[in-house]
Amino acid sequence: MLELKTPREIAAMDVTGTFLVELLDDLTARAQPGVNLLALEQRARSLIADRGAESCYWDYAPSFGRGPFRNVICLSVNDAVLHGLPRDYVLRDGDLLSMDIAVSIDGWVADCARSIIVGTARPEDQRLIDATERALEAGIGAALPGNRLGDISAAIGAVAAEYGYRVNTDFGGHGLGRTMHEDPHVPNTGRAGRGLKLRPGLTLALEPWFAAGTDRIVYDPDGWTIRSADGSRTSHSEHTIAITDGPPLVLTRKERVTAAA
């Protein structure tokens, strides 16, 4: 069921989005060589508890995965790209780390993901991150009232093609608001002019993710962590946005794209 949000409800989601920006900024500063992923998980738990927020991941039990997810953040390293189960792993210089988190504050959800390089960057890894970030901005730019959902998907896919990356459509963006996953599904490639018409009040999590060498994925034995099938490195970027009467409102970054008055 598609639920359009009121301006007041979007403002409540904006509060949650602001908190996620602060949380990811904190973890980004801490993600240095020699830091254990479990320390980042514990820090995220502490920040969520101090804010009085609720994790959307804890006890999450979708059709995939092995048992309920018992962590508050997904931490995916190098060839892992989605749903990375925090584990006893010490970050190394040059690791590519993707952090994905969703929380609820006062009943309203925001979802955000960021990929960073720990320590010394390899140019090819920075290019991969740049591609997902550019694709995300392209998708946001297409999120205008009267456009179609396919316009967002096509904009994301066009950036992937420009960089020479293939797009997996098993997992993509989604609606959100009162819960982490609502209608509609937002593929990371598609045909412009097709699909749902975008209307003010629609709130979406857009999340392009690419692997350097393939569009195929494999799962770890934990049933959660998704990796590139060829072992190539991966990147994932995500923002929560709201469709307005004008430009979209981006709820999960400091420099907001604000709607026209």
# chains A, B, ... in the order shown; residues from 1 in each chain; ligands from 1
>>> select_by_dssp(residues="range 28-256 of chain A", states="alpha helix (DSSP H)", output="NGL selection string")
:A and (28-30 or 37-51 or 123-141 or 149-163)
>>> write_last_selection(atoms="N, CA and C atoms", output="compact mmCIF listing (two decimals), in the first residue's frame")
# COMPACT_ATOMS: atom_id res chain seq x y z
N THR A 28 32.27 7.35 10.68
CA THR A 28 33.27 7.61 9.64
C THR A 28 34.59 8.05 10.26
N ALA A 29 34.50 8.92 11.26
CA ALA A 29 35.72 9.40 11.92
C ALA A 29 36.41 8.28 12.69
N ARG A 30 35.66 7.31 13.18
CA ARG A 30 36.23 6.21 13.97
C ARG A 30 36.75 5.05 13.11
N LEU A 37 35.26 -4.02 13.56
CA LEU A 37 33.89 -3.75 13.16
C LEU A 37 32.93 -3.82 14.34
N LEU A 38 33.21 -4.70 15.29
CA LEU A 38 32.33 -4.83 16.45
C LEU A 38 32.34 -3.57 17.31
N ALA A 39 33.45 -2.83 17.29
CA ALA A 39 33.50 -1.56 18.02
C ALA A 39 32.60 -0.52 17.36
N LEU A 40 32.52 -0.54 16.03
CA LEU A 40 31.62 0.37 15.32
C LEU A 40 30.17 0.01 15.61
N GLU A 41 29.86 -1.28 15.64
CA GLU A 41 28.51 -1.73 15.98
C GLU A 41 28.14 -1.27 17.39
N GLN A 42 29.04 -1.42 18.35
CA GLN A 42 28.74 -1.02 19.72
C GLN A 42 28.56 0.49 19.83
N ARG A 43 29.37 1.24 19.07
CA ARG A 43 29.22 2.70 19.08
C ARG A 43 27.85 3.10 18.51
N ALA A 44 27.44 2.46 17.43
CA ALA A 44 26.13 2.75 16.85
C ALA A 44 25.02 2.44 17.85
N ARG A 45 25.13 1.32 18.56
CA ARG A 45 24.13 0.97 19.57
C ARG A 45 24.04 2.05 20.64
N SER A 46 25.21 2.52 21.07
CA SER A 46 25.25 3.53 22.13
C SER A 46 24.59 4.83 21.67
N LEU A 47 24.91 5.26 20.45
CA LEU A 47 24.33 6.51 19.94
C LEU A 47 22.81 6.39 19.78
N ILE A 48 22.35 5.25 19.30
CA ILE A 48 20.91 5.04 19.14
C ILE A 48 20.21 5.06 20.49
N ALA A 49 20.79 4.39 21.47
CA ALA A 49 20.18 4.35 22.81
C ALA A 49 20.16 5.74 23.43
N ASP A 50 21.26 6.49 23.31
CA ASP A 50 21.34 7.83 23.90
C ASP A 50 20.30 8.77 23.29
N ARG A 51 20.01 8.58 22.01
CA ARG A 51 19.05 9.45 21.32
C ARG A 51 17.60 9.02 21.59
N PRO A 123 42.80 4.36 -6.31
CA PRO A 123 42.01 5.15 -7.27
C PRO A 123 40.79 4.41 -7.79
N GLU A 124 40.93 3.10 -8.03
CA GLU A 124 39.79 2.35 -8.57
C GLU A 124 38.66 2.22 -7.55
N ASP A 125 39.01 2.21 -6.25
CA ASP A 125 37.97 2.16 -5.23
C ASP A 125 37.26 3.51 -5.10
N GLN A 126 38.04 4.59 -5.18
CA GLN A 126 37.43 5.92 -5.12
C GLN A 126 36.51 6.13 -6.32
N ARG A 127 36.90 5.61 -7.48
CA ARG A 127 36.06 5.72 -8.67
C ARG A 127 34.73 5.00 -8.47
N LEU A 128 34.78 3.84 -7.83
CA LEU A 128 33.58 3.07 -7.56
C LEU A 128 32.64 3.81 -6.61
N ILE A 129 33.20 4.39 -5.56
CA ILE A 129 32.39 5.18 -4.63
C ILE A 129 31.80 6.39 -5.34
N ASP A 130 32.64 7.06 -6.13
CA ASP A 130 32.16 8.23 -6.88
C ASP A 130 30.97 7.85 -7.77
N ALA A 131 31.03 6.66 -8.37
CA ALA A 131 29.96 6.23 -9.26
C ALA A 131 28.64 6.07 -8.51
N THR A 132 28.67 5.45 -7.34
CA THR A 132 27.42 5.28 -6.60
C THR A 132 26.89 6.62 -6.09
N GLU A 133 27.80 7.50 -5.69
CA GLU A 133 27.36 8.81 -5.22
C GLU A 133 26.78 9.64 -6.35
N ARG A 134 27.41 9.59 -7.53
CA ARG A 134 26.87 10.30 -8.68
C ARG A 134 25.54 9.71 -9.13
N ALA A 135 25.43 8.40 -9.09
CA ALA A 135 24.17 7.76 -9.45
C ALA A 135 23.06 8.15 -8.49
N LEU A 136 23.40 8.24 -7.21
CA LEU A 136 22.42 8.65 -6.22
C LEU A 136 21.94 10.07 -6.50
N GLU A 137 22.87 10.98 -6.79
CA GLU A 137 22.49 12.35 -7.09
C GLU A 137 21.64 12.43 -8.36
N ALA A 138 21.96 11.60 -9.34
CA ALA A 138 21.17 11.58 -10.57
C ALA A 138 19.75 11.11 -10.29
N GLY A 139 19.62 10.08 -9.45
CA GLY A 139 18.30 9.59 -9.08
C GLY A 139 17.51 10.65 -8.34
N ILE A 140 18.16 11.34 -7.41
CA ILE A 140 17.50 12.42 -6.67
C ILE A 140 17.05 13.51 -7.64
N GLY A 141 17.90 13.84 -8.60
CA GLY A 141 17.57 14.89 -9.56
C GLY A 141 16.35 14.57 -10.40
N LEU A 149 8.52 6.74 -11.71
CA LEU A 149 9.53 5.99 -10.96
C LEU A 149 10.65 5.53 -11.89
N GLY A 150 10.29 5.16 -13.11
CA GLY A 150 11.30 4.74 -14.08
C GLY A 150 12.30 5.81 -14.41
N ASP A 151 11.94 7.08 -14.26
CA ASP A 151 12.89 8.17 -14.50
C ASP A 151 14.02 8.14 -13.48
N ILE A 152 13.67 7.82 -12.23
CA ILE A 152 14.70 7.69 -11.19
C ILE A 152 15.61 6.51 -11.52
N SER A 153 15.01 5.36 -11.81
CA SER A 153 15.78 4.15 -12.10
C SER A 153 16.68 4.36 -13.32
N ALA A 154 16.14 4.98 -14.36
CA ALA A 154 16.92 5.21 -15.58
C ALA A 154 18.09 6.14 -15.32
N ALA A 155 17.89 7.16 -14.48
CA ALA A 155 18.97 8.09 -14.17
C ALA A 155 20.10 7.39 -13.43
N ILE A 156 19.75 6.52 -12.48
CA ILE A 156 20.76 5.75 -11.75
C ILE A 156 21.49 4.81 -12.69
N GLY A 157 20.74 4.09 -13.52
CA GLY A 157 21.36 3.13 -14.44
C GLY A 157 22.25 3.78 -15.46
N ALA A 158 21.90 5.00 -15.88
CA ALA A 158 22.73 5.69 -16.87
C ALA A 158 24.11 6.01 -16.32
N VAL A 159 24.19 6.36 -15.04
CA VAL A 159 25.50 6.63 -14.44
C VAL A 159 26.30 5.34 -14.34
N ALA A 160 25.66 4.25 -13.97
CA ALA A 160 26.36 2.96 -13.92
C ALA A 160 26.93 2.62 -15.29
N ALA A 161 26.15 2.80 -16.33
CA ALA A 161 26.61 2.50 -17.68
C ALA A 161 27.77 3.40 -18.08
N GLU A 162 27.71 4.66 -17.70
CA GLU A 162 28.79 5.60 -18.00
C GLU A 162 30.11 5.13 -17.41
N TYR A 163 30.05 4.58 -16.21
CA TYR A 163 31.26 4.10 -15.54
C TYR A 163 31.64 2.68 -15.95
>>> select_by_dssp(residues="range 5-236 of chain A", states="strand (DSSP E)", output="ChimeraX atom specification")
/A:54-55,74-77,80-82,96-105,108-117,173-175,182-186,203-206,209-211,217-219,226-228,234-236
>>> residues_around(residues="Cys112 in chain A", least_positions_apart="6", cutoff="10 Å", atoms="only C-alpha atoms", output="PyMOL selection string")
chain A and resi 17+20-21+24+99-103+205-207+236-240+251-253
>>> closest_residue(among="A:Leu75, A:Leu198, A:Ala143, A:Val109", to="Leu27 in chain A", atoms="only C-alpha atoms")
A:Leu75
>>> residues_around(residues="range 67-71 of chain A", least_positions_apart="5", cutoff="7 Å", atoms="only C-alpha atoms", output="tab-separated table (two decimals) with C-alpha atoms, in the first residue's frame")
chain	number	residue	atom	x	y	z
A	57	TYR	CA	17.43	-3.79	11.90
A	58	TRP	CA	17.22	-5.45	15.30
A	59	ASP	CA	15.07	-8.58	14.98
A	60	TYR	CA	14.50	-7.88	11.27
A	61	ALA	CA	13.60	-11.22	9.69
>>> closest_residue(among="A:Ser232, A:Gln32, A:Ser55, A:Thr18", to="Val90 in chain A", atoms="only C-alpha atoms")
A:Gln32
>>> closest_residue(among="A:Ser228, A:Thr203, A:Thr244, A:Thr6", to="His181 in chain A", atoms="only C-alpha atoms")
A:Thr203
>>> residues_around(residues="Lys197 in chain A", least_positions_apart="3", cutoff="10 Å", atoms="only C-alpha atoms", output="ChimeraX atom specification")
/A:144-151,193-194
>>> write_last_selection(atoms="all heavy atoms", output="CSV table (one decimal), in the first residue's frame")
chain,number,residue,atom,x,y,z
A,144,LEU,N,11.1,14.3,-9.3
A,144,LEU,CA,10.3,15.5,-9.4
A,144,LEU,C,8.8,15.1,-9.6
A,144,LEU,O,8.5,14.1,-10.2
A,144,LEU,CB,10.8,16.3,-10.6
A,144,LEU,CG,12.2,16.8,-10.5
A,144,LEU,CD1,12.6,17.5,-11.8
A,144,LEU,CD2,12.4,17.8,-9.4
A,145,PRO,N,7.9,15.9,-9.0
A,145,PRO,CA,6.5,15.6,-9.2
A,145,PRO,C,6.1,15.6,-10.7
A,145,PRO,O,6.5,16.4,-11.5
A,145,PRO,CB,5.8,16.8,-8.5
A,145,PRO,CG,6.8,17.9,-8.5
A,145,PRO,CD,8.2,17.2,-8.4
A,146,GLY,N,5.4,14.6,-11.0
A,146,GLY,CA,4.9,14.4,-12.4
A,146,GLY,C,5.8,13.4,-13.2
A,146,GLY,O,5.4,12.9,-14.2
A,147,ASN,N,7.1,13.3,-12.7
A,147,ASN,CA,7.9,12.3,-13.3
A,147,ASN,C,7.5,10.9,-12.9
A,147,ASN,O,6.6,10.7,-12.1
A,147,ASN,CB,9.4,12.4,-12.9
A,147,ASN,CG,10.1,13.5,-13.7
A,147,ASN,OD1,9.5,14.1,-14.6
A,147,ASN,ND2,11.4,13.7,-13.4
A,148,ARG,N,8.1,9.9,-13.5
A,148,ARG,CA,7.7,8.5,-13.2
A,148,ARG,C,8.9,7.8,-12.4
A,148,ARG,O,10.0,8.2,-12.4
A,148,ARG,CB,7.5,7.7,-14.5
A,148,ARG,CG,6.4,8.3,-15.3
A,148,ARG,CD,5.0,7.8,-14.8
A,148,ARG,NE,3.9,8.3,-15.6
A,148,ARG,CZ,2.6,8.0,-15.4
A,148,ARG,NH1,2.3,7.1,-14.5
A,148,ARG,NH2,1.7,8.5,-16.2
A,149,LEU,N,8.5,6.7,-11.7
A,149,LEU,CA,9.5,6.0,-11.0
A,149,LEU,C,10.7,5.5,-11.9
A,149,LEU,O,11.8,5.5,-11.5
A,149,LEU,CB,8.9,4.8,-10.3
A,149,LEU,CG,9.6,4.2,-9.1
A,149,LEU,CD1,9.7,5.2,-7.9
A,149,LEU,CD2,8.9,2.9,-8.6
A,150,GLY,N,10.3,5.2,-13.1
A,150,GLY,CA,11.3,4.7,-14.1
A,150,GLY,C,12.3,5.8,-14.4
A,150,GLY,O,13.4,5.5,-14.8
A,151,ASP,N,11.9,7.1,-14.3
A,151,ASP,CA,12.9,8.2,-14.5
A,151,ASP,C,14.0,8.1,-13.5
A,151,ASP,O,15.2,8.4,-13.8
A,151,ASP,CB,12.2,9.5,-14.5
A,151,ASP,CG,11.2,9.7,-15.6
A,151,ASP,OD1,11.5,9.3,-16.7
A,151,ASP,OD2,10.0,10.1,-15.3
A,193,GLY,N,10.1,7.3,-18.1
A,193,GLY,CA,8.7,7.4,-18.5
A,193,GLY,C,7.8,6.3,-18.1
A,193,GLY,O,6.6,6.3,-18.4
A,194,ARG,N,8.3,5.3,-17.4
A,194,ARG,CA,7.5,4.1,-17.0
A,194,ARG,C,7.3,4.1,-15.5
A,194,ARG,O,8.0,4.7,-14.8
A,194,ARG,CB,8.2,2.8,-17.5
A,194,ARG,CG,8.4,2.7,-19.0
A,194,ARG,CD,7.1,2.5,-19.7
A,194,ARG,NE,7.3,2.3,-21.1
A,194,ARG,CZ,7.4,1.1,-21.7
A,194,ARG,NH1,7.4,0.0,-20.9
A,194,ARG,NH2,7.6,0.9,-23.0
>>> residues_around(residues="Thr169 in chain A", least_positions_apart="5", cutoff="9 Å", atoms="only C-alpha atoms", output="VMD selection string")
chain A and resid 187 to 189 215
>>> write_last_selection(atoms="N, CA and C atoms", output="PDB file, in the first residue's frame")
ATOM      1  N   PRO A 187      14.027   0.009  -8.571  1.00  0.00           N
ATOM      2  CA  PRO A 187      15.193  -0.647  -9.169  1.00  0.00           C
ATOM      3  C   PRO A 187      16.290   0.360  -9.498  1.00  0.00           C
ATOM      4  N   ASN A 188      17.510  -0.119  -9.568  1.00  0.00           N
ATOM      5  CA  ASN A 188      18.650   0.748  -9.871  1.00  0.00           C
ATOM      6  C   ASN A 188      18.941   0.865 -11.355  1.00  0.00           C
ATOM      7  N   THR A 189      18.048   0.399 -12.175  1.00  0.00           N
ATOM      8  CA  THR A 189      18.052   0.690 -13.608  1.00  0.00           C
ATOM      9  C   THR A 189      16.635   0.485 -14.111  1.00  0.00           C
ATOM     10  N   ASP A 215      27.499  -8.152 -11.996  1.00  0.00           N
ATOM     11  CA  ASP A 215      26.207  -7.850 -11.391  1.00  0.00           C
ATOM     12  C   ASP A 215      25.658  -9.050 -10.627  1.00  0.00           C
TER      13      ASP A 215
END
>>> atom_distance(atom1="CA of Asp230 in chain A", atom2="CA of Asn78 in chain A")
11.9 Å
>>> residues_around(residues="range 91-96 of chain A", least_positions_apart="5", cutoff="6 Å", atoms="only C-alpha atoms", output="short mmCIF file (atom, residue, chain, number, x, y, z; two decimals) with N, CA, C and O atoms, in the first residue's frame")
data_model
loop_
_atom_site.label_atom_id
_atom_site.label_comp_id
_atom_site.auth_asym_id
_atom_site.auth_seq_id
_atom_site.Cartn_x
_atom_site.Cartn_y
_atom_site.Cartn_z
N PRO A 33 42.27 2.27 10.31
CA PRO A 33 42.98 0.99 10.40
C PRO A 33 43.21 0.59 11.85
O PRO A 33 43.58 1.42 12.69
N GLY A 34 42.96 -0.68 12.16
CA GLY A 34 43.12 -1.19 13.51
C GLY A 34 41.84 -1.21 14.32
O GLY A 34 41.82 -1.76 15.43
N VAL A 35 40.75 -0.64 13.80
CA VAL A 35 39.46 -0.61 14.51
C VAL A 35 38.65 -1.84 14.13
O VAL A 35 38.54 -2.20 12.96
N VAL A 77 32.48 -4.99 3.99
CA VAL A 77 33.88 -4.65 3.69
C VAL A 77 34.30 -5.24 2.35
O VAL A 77 34.08 -6.43 2.07
N ASN A 78 34.87 -4.40 1.51
CA ASN A 78 35.50 -4.77 0.23
C ASN A 78 34.53 -5.40 -0.75
O ASN A 78 33.74 -4.70 -1.36
N ILE A 116 33.04 4.37 2.44
CA ILE A 116 34.26 5.14 2.68
C ILE A 116 35.47 4.24 2.48
O ILE A 116 35.36 3.01 2.46
N ILE A 117 36.61 4.86 2.32
CA ILE A 117 37.87 4.12 2.24
C ILE A 117 38.62 4.33 3.54
O ILE A 117 38.78 5.46 4.01
N VAL A 118 39.04 3.25 4.15
CA VAL A 118 39.76 3.30 5.42
C VAL A 118 41.25 3.52 5.12
O VAL A 118 41.89 2.69 4.48
N GLY A 119 41.76 4.65 5.58
CA GLY A 119 43.18 4.91 5.36
C GLY A 119 43.48 5.29 3.91
O GLY A 119 42.83 6.17 3.34
N THR A 120 44.42 4.61 3.31
CA THR A 120 44.92 4.95 1.98
C THR A 120 43.97 4.46 0.89
O THR A 120 43.61 3.28 0.85
N ALA A 121 43.58 5.37 0.01
CA ALA A 121 42.61 5.03 -1.04
C ALA A 121 43.30 4.51 -2.29
O ALA A 121 44.33 5.04 -2.71
#
>>> atom_distance(atom1="CA of Ala31 in chain A", atom2="CA of Ala211 in chain A")
21.5 Å
>>> closest_residue(among="A:Met1, A:Ala110, A:Ala11, A:Val81", to="Ile217 in chain A", atoms="only C-alpha atoms")
A:Val81
